[in-house]
>>> print(open('final-v9.cif').read())   # mmCIF, C-alpha atoms; chains and numbers go by the auth columns
data_my_file
#
loop_
_atom_site.group_PDB
_atom_site.id
_atom_site.type_symbol
_atom_site.label_atom_id
_atom_site.label_comp_id
_atom_site.label_asym_id
_atom_site.label_seq_id
_atom_site.Cartn_x
_atom_site.Cartn_y
_atom_site.Cartn_z
_atom_site.B_iso_or_equiv
_atom_site.auth_seq_id
_atom_site.auth_asym_id
ATOM 1 C CA MET A 1 0.540 -22.322 5.878 0.00 162 A
ATOM 2 C CA THR A 2 -3.063 -21.345 5.582 0.00 163 A
ATOM 3 C CA ASP A 3 -5.525 -23.101 3.304 0.00 164 A
ATOM 4 C CA MET A 4 -6.341 -20.189 0.998 0.00 165 A
ATOM 5 C CA SER A 5 -9.620 -21.797 -0.050 0.00 166 A
ATOM 6 C CA THR A 6 -10.997 -20.949 3.411 0.00 167 A
ATOM 7 C CA LEU A 7 -10.402 -17.221 2.957 0.00 168 A
ATOM 8 C CA SER A 8 -12.976 -14.628 1.994 0.00 169 A
ATOM 9 C CA PHE A 9 -11.780 -11.532 0.080 0.00 170 A
ATOM 10 C CA THR A 10 -13.821 -8.328 0.191 0.00 171 A
ATOM 11 C CA VAL A 11 -13.017 -5.120 -1.713 0.00 172 A
ATOM 12 C CA VAL A 12 -14.736 -1.963 -0.486 0.00 173 A
ATOM 13 C CA PRO A 13 -14.152 1.722 -1.299 0.00 174 A
ATOM 14 C CA ASN A 14 -13.584 3.703 1.902 0.00 175 A
ATOM 15 C CA ARG A 15 -16.820 5.677 1.436 0.00 176 A
ATOM 16 C CA ASP A 16 -18.818 2.407 1.441 0.00 177 A
ATOM 17 C CA LEU A 17 -17.310 0.851 4.573 0.00 178 A
ATOM 18 C CA THR A 18 -19.809 0.069 7.284 0.00 179 A
ATOM 19 C CA ALA A 19 -19.067 1.264 10.819 0.00 180 A
ATOM 20 C CA GLN A 20 -18.381 -2.370 11.772 0.00 181 A
ATOM 21 C CA GLN A 21 -15.914 -2.867 8.901 0.00 182 A
ATOM 22 C CA ARG A 22 -14.131 0.375 9.772 0.00 183 A
ATOM 23 C CA ASP A 23 -13.891 -0.668 13.439 0.00 184 A
ATOM 24 C CA ARG A 24 -12.513 -4.086 12.490 0.00 185 A
ATOM 25 C CA ILE A 25 -9.885 -2.555 10.191 0.00 186 A
ATOM 26 C CA LEU A 26 -8.906 -0.072 12.899 0.00 187 A
ATOM 27 C CA SER A 27 -8.604 -2.842 15.481 0.00 188 A
ATOM 28 C CA LEU A 28 -6.576 -5.104 13.184 0.00 189 A
ATOM 29 C CA CYS A 29 -4.180 -2.321 12.138 0.00 190 A
ATOM 30 C CA SER A 30 -3.795 -1.056 15.718 0.00 191 A
ATOM 31 C CA GLN A 31 -2.870 -4.575 16.851 0.00 192 A
ATOM 32 C CA ALA A 32 -0.506 -5.191 13.928 0.00 193 A
ATOM 33 C CA TYR A 33 1.279 -1.835 14.238 0.00 194 A
ATOM 34 C CA GLU A 34 1.152 -1.852 18.059 0.00 195 A
ATOM 35 C CA GLU A 35 -0.210 1.703 18.184 0.00 196 A
ATOM 36 C CA ASP A 36 -3.485 3.552 17.822 0.00 197 A
ATOM 37 C CA PHE A 37 -4.099 3.510 14.074 0.00 198 A
ATOM 38 C CA SER A 38 -6.934 6.100 14.221 0.00 199 A
ATOM 39 C CA PRO A 39 -4.894 9.042 12.850 0.00 200 A
ATOM 40 C CA TYR A 40 -3.799 6.949 9.862 0.00 201 A
ATOM 41 C CA MET A 41 -7.357 5.847 9.102 0.00 202 A
ATOM 42 C CA GLU A 42 -8.204 9.506 8.502 0.00 203 A
ATOM 43 C CA LEU A 43 -5.570 9.596 5.739 0.00 204 A
ATOM 44 C CA LEU A 44 -7.291 6.738 3.879 0.00 205 A
ATOM 45 C CA GLY A 45 -10.267 8.861 2.823 0.00 206 A
ATOM 46 C CA ASP A 46 -10.121 7.935 -0.861 0.00 207 A
ATOM 47 C CA ALA A 47 -8.714 4.447 -0.379 0.00 208 A
ATOM 48 C CA THR A 48 -10.035 1.124 -1.535 0.00 209 A
ATOM 49 C CA HIS A 49 -9.776 -1.618 1.092 0.00 210 A
ATOM 50 C CA LEU A 50 -9.012 -5.294 0.603 0.00 211 A
ATOM 51 C CA MET A 51 -10.168 -7.271 3.620 0.00 212 A
ATOM 52 C CA VAL A 52 -9.303 -10.920 4.089 0.00 213 A
ATOM 53 C CA SER A 53 -11.448 -12.902 6.500 0.00 214 A
ATOM 54 C CA GLU A 54 -11.372 -16.452 7.726 0.00 215 A
ATOM 55 C CA GLU A 55 -14.476 -17.903 9.344 0.00 216 A
ATOM 56 C CA GLY A 56 -15.910 -14.388 9.674 0.00 217 A
ATOM 57 C CA GLU A 57 -12.845 -12.904 11.394 0.00 218 A
ATOM 58 C CA LEU A 58 -10.879 -10.139 9.680 0.00 219 A
ATOM 59 C CA VAL A 59 -7.318 -11.493 9.607 0.00 220 A
ATOM 60 C CA SER A 60 -5.510 -9.328 7.043 0.00 221 A
ATOM 61 C CA HIS A 61 -5.961 -6.004 5.283 0.00 222 A
ATOM 62 C CA ALA A 62 -4.436 -3.613 2.784 0.00 223 A
ATOM 63 C CA ALA A 63 -5.678 -0.431 1.162 0.00 224 A
ATOM 64 C CA TRP A 64 -4.580 1.546 -1.847 0.00 225 A
ATOM 65 C CA LEU A 65 -4.872 5.190 -2.793 0.00 226 A
ATOM 66 C CA GLN A 66 -4.316 6.824 -6.122 0.00 227 A
ATOM 67 C CA ARG A 67 -1.120 8.899 -6.083 0.00 228 A
ATOM 68 C CA GLU A 68 0.875 10.470 -8.847 0.00 229 A
ATOM 69 C CA LEU A 69 4.510 9.371 -8.979 0.00 230 A
ATOM 70 C CA ARG A 70 6.974 11.097 -11.257 0.00 231 A
ATOM 71 C CA ALA A 71 9.946 9.056 -12.428 0.00 232 A
ATOM 72 C CA GLU A 72 12.685 10.957 -14.197 0.00 233 A
ATOM 73 C CA GLY A 73 12.296 10.789 -17.976 0.00 234 A
ATOM 74 C CA LEU A 74 8.691 9.530 -17.991 0.00 235 A
ATOM 75 C CA PRO A 75 5.244 11.098 -17.956 0.00 236 A
ATOM 76 C CA PRO A 76 3.562 11.058 -14.513 0.00 237 A
ATOM 77 C CA LEU A 77 2.588 7.575 -13.383 0.00 238 A
ATOM 78 C CA ARG A 78 -0.834 6.795 -11.971 0.00 239 A
ATOM 79 C CA SER A 79 0.073 4.779 -8.903 0.00 240 A
ATOM 80 C CA ALA A 80 -1.930 2.524 -6.626 0.00 241 A
ATOM 81 C CA TYR A 81 -0.122 3.378 -3.411 0.00 242 A
ATOM 82 C CA VAL A 82 -0.552 0.536 -0.922 0.00 243 A
ATOM 83 C CA GLU A 83 -1.098 1.459 2.713 0.00 244 A
ATOM 84 C CA ALA A 84 -2.169 -0.196 5.954 0.00 245 A
ATOM 85 C CA MET A 85 -0.884 -3.638 5.005 0.00 246 A
ATOM 86 C CA ALA A 86 -1.544 -5.578 8.203 0.00 247 A
ATOM 87 C CA THR A 87 -2.219 -9.050 9.542 0.00 248 A
ATOM 88 C CA LEU A 88 -3.324 -9.974 13.047 0.00 249 A
ATOM 89 C CA PRO A 89 -0.151 -10.622 15.087 0.00 250 A
ATOM 90 C CA GLU A 90 -1.124 -14.197 15.953 0.00 251 A
ATOM 91 C CA ARG A 91 -1.719 -14.938 12.256 0.00 252 A
ATOM 92 C CA GLN A 92 1.500 -13.438 10.886 0.00 253 A
ATOM 93 C CA GLY A 93 3.879 -15.736 9.051 0.00 254 A
ATOM 94 C CA LYS A 94 1.065 -18.041 7.919 0.00 255 A
ATOM 95 C CA GLY A 95 0.459 -16.759 4.396 0.00 256 A
ATOM 96 C CA TYR A 96 -2.268 -14.155 4.913 0.00 257 A
ATOM 97 C CA GLY A 97 -0.070 -11.226 3.880 0.00 258 A
ATOM 98 C CA CYS A 98 1.063 -13.206 0.848 0.00 259 A
ATOM 99 C CA ALA A 99 -2.573 -13.775 -0.082 0.00 260 A
ATOM 100 C CA VAL A 100 -3.220 -10.029 0.086 0.00 261 A
ATOM 101 C CA LEU A 101 -0.160 -9.170 -2.008 0.00 262 A
ATOM 102 C CA SER A 102 -0.930 -11.776 -4.640 0.00 263 A
ATOM 103 C CA THR A 103 -4.515 -10.493 -4.961 0.00 264 A
ATOM 104 C CA ILE A 104 -3.813 -6.763 -5.286 0.00 265 A
ATOM 105 C CA PRO A 105 -2.251 -6.733 -8.808 0.00 266 A
ATOM 106 C CA ALA A 106 -5.321 -8.354 -10.367 0.00 267 A
ATOM 107 C CA LEU A 107 -7.562 -5.795 -8.653 0.00 268 A
ATOM 108 C CA ILE A 108 -5.592 -2.730 -9.743 0.00 269 A
ATOM 109 C CA GLY A 109 -3.791 -3.819 -12.908 0.00 270 A
ATOM 110 C CA ASP A 110 -6.118 -2.251 -15.464 0.00 271 A
ATOM 111 C CA ASP A 111 -6.545 1.057 -13.629 0.00 272 A
ATOM 112 C CA TYR A 112 -2.983 1.999 -12.711 0.00 273 A
ATOM 113 C CA ASP A 113 0.470 2.298 -14.270 0.00 274 A
ATOM 114 C CA ILE A 114 2.287 0.991 -11.227 0.00 275 A
ATOM 115 C CA ALA A 115 1.837 -0.092 -7.616 0.00 276 A
ATOM 116 C CA ALA A 116 4.017 1.367 -4.892 0.00 277 A
ATOM 117 C CA LEU A 117 4.450 1.286 -1.135 0.00 278 A
ATOM 118 C CA SER A 118 6.794 2.220 1.656 0.00 279 A
ATOM 119 C CA PRO A 119 7.918 -1.115 3.113 0.00 280 A
ATOM 120 C CA SER A 120 8.280 -1.977 6.767 0.00 281 A
ATOM 121 C CA GLU A 121 10.106 -5.167 5.753 0.00 282 A
ATOM 122 C CA ALA A 122 11.581 -4.861 2.260 0.00 283 A
ATOM 123 C CA ASP A 123 12.601 -8.542 2.091 0.00 284 A
ATOM 124 C CA PHE A 124 8.991 -9.673 2.567 0.00 285 A
ATOM 125 C CA TYR A 125 7.848 -7.619 -0.423 0.00 286 A
ATOM 126 C CA ALA A 126 10.923 -8.388 -2.554 0.00 287 A
ATOM 127 C CA ARG A 127 10.196 -12.128 -2.293 0.00 288 A
ATOM 128 C CA ARG A 128 6.807 -11.358 -3.840 0.00 289 A
ATOM 129 C CA GLY A 129 8.032 -9.414 -6.872 0.00 290 A
ATOM 130 C CA TRP A 130 8.258 -5.884 -5.456 0.00 291 A
ATOM 131 C CA GLU A 131 11.376 -3.904 -6.399 0.00 292 A
ATOM 132 C CA LEU A 132 13.198 -1.487 -4.126 0.00 293 A
ATOM 133 C CA TRP A 133 13.509 1.941 -5.752 0.00 294 A
ATOM 134 C CA LEU A 134 17.248 2.592 -6.036 0.00 295 A
ATOM 135 C CA GLY A 135 17.228 6.218 -7.185 0.00 296 A
ATOM 136 C CA PRO A 136 16.760 9.332 -5.071 0.00 297 A
ATOM 137 C CA LEU A 137 13.321 10.043 -3.602 0.00 298 A
ATOM 138 C CA ALA A 138 11.733 13.436 -3.054 0.00 299 A
ATOM 139 C CA TYR A 139 8.407 15.189 -2.625 0.00 300 A
ATOM 140 C CA GLN A 140 7.102 18.472 -3.925 0.00 301 A
ATOM 141 C CA ASP A 141 5.560 20.988 -1.543 0.00 302 A
ATOM 142 C CA ARG A 142 4.856 24.745 -1.692 0.00 303 A
ATOM 143 C CA GLU A 143 8.501 25.506 -0.965 0.00 304 A
ATOM 144 C CA GLY A 144 9.861 23.283 -3.738 0.00 305 A
ATOM 145 C CA LEU A 145 11.434 19.844 -3.977 0.00 306 A
ATOM 146 C CA VAL A 146 12.371 18.159 -0.674 0.00 307 A
ATOM 147 C CA GLU A 147 14.703 15.166 -0.833 0.00 308 A
ATOM 148 C CA THR A 148 13.921 12.165 1.389 0.00 309 A
ATOM 149 C CA PRO A 149 17.105 10.046 1.498 0.00 310 A
ATOM 150 C CA GLU A 150 15.969 8.268 4.690 0.00 311 A
ATOM 151 C CA GLU A 151 12.873 6.811 3.001 0.00 312 A
ATOM 152 C CA GLU A 152 12.382 3.580 1.065 0.00 313 A
ATOM 153 C CA VAL A 153 9.843 2.937 -1.671 0.00 314 A
ATOM 154 C CA MET A 154 9.109 -0.283 -3.516 0.00 315 A
ATOM 155 C CA ILE A 155 7.258 -0.657 -6.793 0.00 316 A
ATOM 156 C CA TYR A 156 5.376 -3.461 -8.480 0.00 317 A
ATOM 157 C CA ARG A 157 5.227 -3.454 -12.274 0.00 318 A
ATOM 158 C CA LEU A 158 1.768 -3.782 -13.781 0.00 319 A
ATOM 159 C CA PHE A 159 0.535 -4.281 -17.345 0.00 320 A
ATOM 160 C CA HIS A 160 0.645 -0.514 -18.027 0.00 321 A
ATOM 161 C CA THR A 161 4.054 0.100 -16.413 0.00 322 A
ATOM 162 C CA PRO A 162 6.263 1.800 -19.018 0.00 323 A
ATOM 163 C CA SER A 163 9.040 -0.522 -20.187 0.00 324 A
ATOM 164 C CA ALA A 164 11.465 2.410 -19.905 0.00 325 A
ATOM 165 C CA LEU A 165 10.905 2.706 -16.137 0.00 326 A
ATOM 166 C CA ASP A 166 14.349 2.879 -14.528 0.00 327 A
ATOM 167 C CA ILE A 167 14.373 2.199 -10.773 0.00 328 A
ATOM 168 C CA SER A 168 17.699 4.012 -10.437 0.00 329 A
ATOM 169 C CA ALA A 169 16.199 7.288 -11.730 0.00 330 A
ATOM 170 C CA SER A 170 14.829 9.928 -9.370 0.00 331 A
ATOM 171 C CA LEU A 171 11.257 9.481 -8.128 0.00 332 A
ATOM 172 C CA GLU A 172 9.050 12.161 -6.668 0.00 333 A
ATOM 173 C CA THR A 173 5.517 12.644 -5.454 0.00 334 A
ATOM 174 C CA ASP A 174 3.507 15.414 -3.830 0.00 335 A
ATOM 175 C CA TRP A 175 3.529 16.212 -0.138 0.00 336 A
ATOM 176 C CA ARG A 176 0.695 14.845 1.971 0.00 337 A
ATOM 177 C CA PRO A 177 -0.047 14.979 5.706 0.00 338 A
ATOM 178 C CA GLY A 178 1.322 12.202 7.874 0.00 339 A
ATOM 179 C CA GLU A 179 3.898 10.099 6.117 0.00 340 A
ATOM 180 C CA VAL A 180 4.844 11.481 2.697 0.00 341 A
ATOM 181 C CA TRP A 181 5.949 8.071 1.494 0.00 342 A
#
>>> encode(input="final-v9.cif", output="structure tokens")
Amino acid sequence: MTDMSTLSFTVVPNRDLTAQQRDRILSLCSQAYEEDFSPYMELLGDATHLMVSEEGELVSHAAWLQRELRAEGLPPLRSAYVEAMATLPERQGKGYGCAVLSTIPALIGDDYDIAALSPSEADFYARRGWELWLGPLAYQDREGLVETPEEEVMIYRLFHTPSALDISASLETDWRPGEVW
């Protein structure tokens, strides 16, 4: 495991990223996802980035966007929707992703009702307190409600998460380009 005391954590709104920071995030995410991440970077326009560096090298990253989630029986939830969670391939499995996930709640906890994400590996997130949404998922577009039974969403309860939140209820959001969830 990595000595977390050697890590540097930087939080930057997307609009304040330098060209070098943007290039490093793009490179890291492209390597981690094994594809050109450029189209996805465009979808992070209003995101806040958490960059984790070790000895000046960007080793892990996550970003969050504000999204409204609507759980059946509750008022709309202000969600910090986590995207672009990535660690350099040669550094995976060494605690960097865990460091990112353990840092995010403290950064967002006062501003959001809930954190959410679409997991690539649900077990990884579940071991860190994230809960798989069990109820039906859907998104709203101009045509109406579109169910997404093939999708998975996980949530992380924050200080402002309503105690009545039921993960077996239906959950919906609004359509967006790229990946809805």
>>> residues_around(input="final-v9.cif", residues="Asp274 in chain A", least_positions_apart="3", cutoff="12 Å", atoms="all atoms listed in the file", output="JSON list (two decimals) with C-alpha atoms, in the frame of the given file")
[["chain", "number", "residue", "atom", "x", "y", "z"],
["A", 227, "GLN", "CA", -4.32, 6.82, -6.12],
["A", 228, "ARG", "CA", -1.12, 8.90, -6.08],
["A", 229, "GLU", "CA", 0.88, 10.47, -8.85],
["A", 230, "LEU", "CA", 4.51, 9.37, -8.98],
["A", 231, "ARG", "CA", 6.97, 11.10, -11.26],
["A", 232, "ALA", "CA", 9.95, 9.06, -12.43],
["A", 235, "LEU", "CA", 8.69, 9.53, -17.99],
["A", 236, "PRO", "CA", 5.24, 11.10, -17.96],
["A", 237, "PRO", "CA", 3.56, 11.06, -14.51],
["A", 238, "LEU", "CA", 2.59, 7.58, -13.38],
["A", 239, "ARG", "CA", -0.83, 6.80, -11.97],
["A", 240, "SER", "CA", 0.07, 4.78, -8.90],
["A", 241, "ALA", "CA", -1.93, 2.52, -6.63],
["A", 242, "TYR", "CA", -0.12, 3.38, -3.41],
["A", 266, "PRO", "CA", -2.25, -6.73, -8.81],
["A", 269, "ILE", "CA", -5.59, -2.73, -9.74],
["A", 270, "GLY", "CA", -3.79, -3.82, -12.91],
["A", 271, "ASP", "CA", -6.12, -2.25, -15.46],
["A", 277, "ALA", "CA", 4.02, 1.37, -4.89],
["A", 316, "ILE", "CA", 7.26, -0.66, -6.79],
["A", 317, "TYR", "CA", 5.38, -3.46, -8.48],
["A", 318, "ARG", "CA", 5.23, -3.45, -12.27],
["A", 319, "LEU", "CA", 1.77, -3.78, -13.78],
["A", 320, "PHE", "CA", 0.54, -4.28, -17.34],
["A", 321, "HIS", "CA", 0.64, -0.51, -18.03],
["A", 322, "THR", "CA", 4.05, 0.10, -16.41],
["A", 323, "PRO", "CA", 6.26, 1.80, -19.02],
["A", 324, "SER", "CA", 9.04, -0.52, -20.19],
["A", 326, "LEU", "CA", 10.90, 2.71, -16.14]]
>>> residues_around(input="final-v9.cif", residues="range 327-334 of chain A", least_positions_apart="2", cutoff="9 Å", atoms="only C-alpha atoms", output="list in words")
Arg228, Glu229, Leu230, Arg231, Ala232, Glu233, Gly234, Glu292, Leu293, Trp294, Leu295, Gly296, Pro297, Leu298, Ala299, Tyr300, Gln301, Leu306, Glu308, Ile316, Ser324, Ala325, Trp336, Val341 and Trp342 of chain A
>>> write_last_selection(input="final-v9.cif", atoms="C-alpha atoms", output="short mmCIF file (atom, residue, chain, number, x, y, z; two decimals), keeping the file's coordinate frame")
data_model
loop_
_atom_site.label_atom_id
_atom_site.label_comp_id
_atom_site.auth_asym_id
_atom_site.auth_seq_id
_atom_site.Cartn_x
_atom_site.Cartn_y
_atom_site.Cartn_z
CA ARG A 228 -1.12 8.90 -6.08
CA GLU A 229 0.88 10.47 -8.85
CA LEU A 230 4.51 9.37 -8.98
CA ARG A 231 6.97 11.10 -11.26
CA ALA A 232 9.95 9.06 -12.43
CA GLU A 233 12.68 10.96 -14.20
CA GLY A 234 12.30 10.79 -17.98
CA GLU A 292 11.38 -3.90 -6.40
CA LEU A 293 13.20 -1.49 -4.13
CA TRP A 294 13.51 1.94 -5.75
CA LEU A 295 17.25 2.59 -6.04
CA GLY A 296 17.23 6.22 -7.18
CA PRO A 297 16.76 9.33 -5.07
CA LEU A 298 13.32 10.04 -3.60
CA ALA A 299 11.73 13.44 -3.05
CA TYR A 300 8.41 15.19 -2.62
CA GLN A 301 7.10 18.47 -3.92
CA LEU A 306 11.43 19.84 -3.98
CA GLU A 308 14.70 15.17 -0.83
CA ILE A 316 7.26 -0.66 -6.79
CA SER A 324 9.04 -0.52 -20.19
CA ALA A 325 11.46 2.41 -19.90
CA TRP A 336 3.53 16.21 -0.14
CA VAL A 341 4.84 11.48 2.70
CA TRP A 342 5.95 8.07 1.49
#
>>> residues_around(input="final-v9.cif", residues="Leu204 in chain A", least_positions_apart="5", cutoff="12 Å", atoms="all atoms listed in the file", output="list of chain:residue names")
A:Asn175, A:Phe198, A:Ser199, A:Ala224, A:Trp225, A:Leu226, A:Glu244, A:Ala245, A:Arg337, A:Pro338, A:Gly339, A:Glu340, A:Val341
>>> atom_distance(input="final-v9.cif", atom1="CA of Ser169 in chain A", atom2="CA of Glu215 in chain A")
6.2 Å
>>> resolve_selection(input="final-v9.cif", expression="the PyMOL selection byres ((chain A and resi 192) around 12)", output="list in words")
Arg185, Ile186, Leu187, Ser188, Leu189, Cys190, Ser191, Ala193, Tyr194, Glu195, Glu196, Asp197, Phe198, Ser199, Val220, Ser221, Ala245, Ala247, Thr248, Leu249, Pro250, Glu251, Arg252 and Gln253 of chain A
>>> atom_distance(input="final-v9.cif", atom1="CA of Leu178 in chain A", atom2="CA of Ser279 in chain A")
24.3 Å
>>> residues_near_point(input="final-v9.cif", point="(-13.6, -20.5, 0.0)", cutoff="12 Å", atoms="all atoms listed in the file", output="list in words")
Thr163, Asp164, Met165, Ser166, Thr167, Leu168, Ser169, Phe170, Val213, Ser214, Glu215, Glu216 and Gly217 of chain A
>>> atom_distance(input="final-v9.cif", atom1="CA of Glu203 in chain A", atom2="CA of Leu262 in chain A")
22.9 Å
>>> axis_aligned_box(input="final-v9.cif", around="range 227-236 of chain A", padding_each_side="4 Å", output="JSON")
{"center_x": 4.2, "center_y": 9.0, "center_z": -12.0, "size_x": 25.0, "size_y": 12.3, "size_z": 19.9}
>>> decode(input="final-v9.cif", residues="range 297-306 of chain A", atoms="all heavy atoms", output="compact mmCIF listing (two decimals), in the first residue's frame")
# COMPACT_ATOMS: atom_id res chain seq x y z
N PRO A 297 -35.65 0.77 -9.57
CA PRO A 297 -35.54 1.06 -11.00
C PRO A 297 -34.93 2.45 -11.24
O PRO A 297 -35.14 3.38 -10.47
CB PRO A 297 -36.98 0.99 -11.49
CG PRO A 297 -37.84 1.11 -10.29
CD PRO A 297 -37.03 0.65 -9.11
N LEU A 298 -34.19 2.54 -12.34
CA LEU A 298 -33.53 3.78 -12.75
C LEU A 298 -34.16 4.28 -14.04
O LEU A 298 -34.55 3.48 -14.90
CB LEU A 298 -32.03 3.54 -12.98
CG LEU A 298 -31.24 3.01 -11.80
CD1 LEU A 298 -29.84 2.61 -12.25
CD2 LEU A 298 -31.17 4.04 -10.69
N ALA A 299 -34.20 5.59 -14.19
CA ALA A 299 -34.76 6.18 -15.41
C ALA A 299 -34.22 7.60 -15.57
O ALA A 299 -33.67 8.17 -14.63
CB ALA A 299 -36.28 6.20 -15.33
N TYR A 300 -34.39 8.13 -16.78
CA TYR A 300 -34.07 9.53 -17.01
C TYR A 300 -35.23 10.19 -17.74
O TYR A 300 -36.02 9.53 -18.43
CB TYR A 300 -32.76 9.71 -17.77
CG TYR A 300 -32.76 9.21 -19.20
CD1 TYR A 300 -33.16 10.04 -20.24
CD2 TYR A 300 -32.34 7.93 -19.51
CE1 TYR A 300 -33.15 9.60 -21.55
CE2 TYR A 300 -32.33 7.48 -20.80
CZ TYR A 300 -32.73 8.31 -21.83
OH TYR A 300 -32.73 7.87 -23.12
N GLN A 301 -35.32 11.49 -17.55
CA GLN A 301 -36.36 12.29 -18.17
C GLN A 301 -35.77 13.01 -19.38
O GLN A 301 -34.71 13.63 -19.26
CB GLN A 301 -36.88 13.31 -17.15
CG GLN A 301 -38.07 14.10 -17.61
CD GLN A 301 -39.35 13.28 -17.59
OE1 GLN A 301 -39.58 12.52 -16.68
NE2 GLN A 301 -40.15 13.44 -18.60
N ASP A 302 -36.43 12.88 -20.52
CA ASP A 302 -36.04 13.69 -21.68
C ASP A 302 -37.29 14.35 -22.24
O ASP A 302 -38.35 14.30 -21.63
CB ASP A 302 -35.27 12.87 -22.72
CG ASP A 302 -36.12 11.85 -23.46
OD1 ASP A 302 -37.36 11.82 -23.26
OD2 ASP A 302 -35.56 11.08 -24.25
N ARG A 303 -37.19 14.97 -23.41
CA ARG A 303 -38.33 15.69 -24.00
C ARG A 303 -39.51 14.78 -24.30
O ARG A 303 -40.64 15.21 -24.34
CB ARG A 303 -37.90 16.42 -25.26
CG ARG A 303 -37.06 17.65 -24.96
CD ARG A 303 -36.68 18.31 -26.22
NE ARG A 303 -35.44 17.67 -26.66
CZ ARG A 303 -34.71 18.04 -27.67
NH1 ARG A 303 -35.09 19.02 -28.42
NH2 ARG A 303 -33.60 17.43 -27.96
N GLU A 304 -39.22 13.51 -24.51
CA GLU A 304 -40.27 12.55 -24.87
C GLU A 304 -40.96 11.98 -23.63
O GLU A 304 -42.01 11.36 -23.74
CB GLU A 304 -39.67 11.40 -25.68
CG GLU A 304 -38.88 11.84 -26.89
CD GLU A 304 -39.74 12.55 -27.91
OE1 GLU A 304 -40.87 12.09 -28.17
OE2 GLU A 304 -39.29 13.59 -28.45
N GLY A 305 -40.35 12.11 -22.47
CA GLY A 305 -40.92 11.55 -21.25
C GLY A 305 -39.88 10.76 -20.48
O GLY A 305 -38.67 10.96 -20.64
N LEU A 306 -40.35 9.84 -19.66
CA LEU A 306 -39.48 9.04 -18.80
C LEU A 306 -38.97 7.82 -19.57
O LEU A 306 -39.76 7.08 -20.16
CB LEU A 306 -40.26 8.61 -17.56
CG LEU A 306 -39.44 8.14 -16.37
CD1 LEU A 306 -38.52 9.24 -15.86
CD2 LEU A 306 -40.36 7.68 -15.25
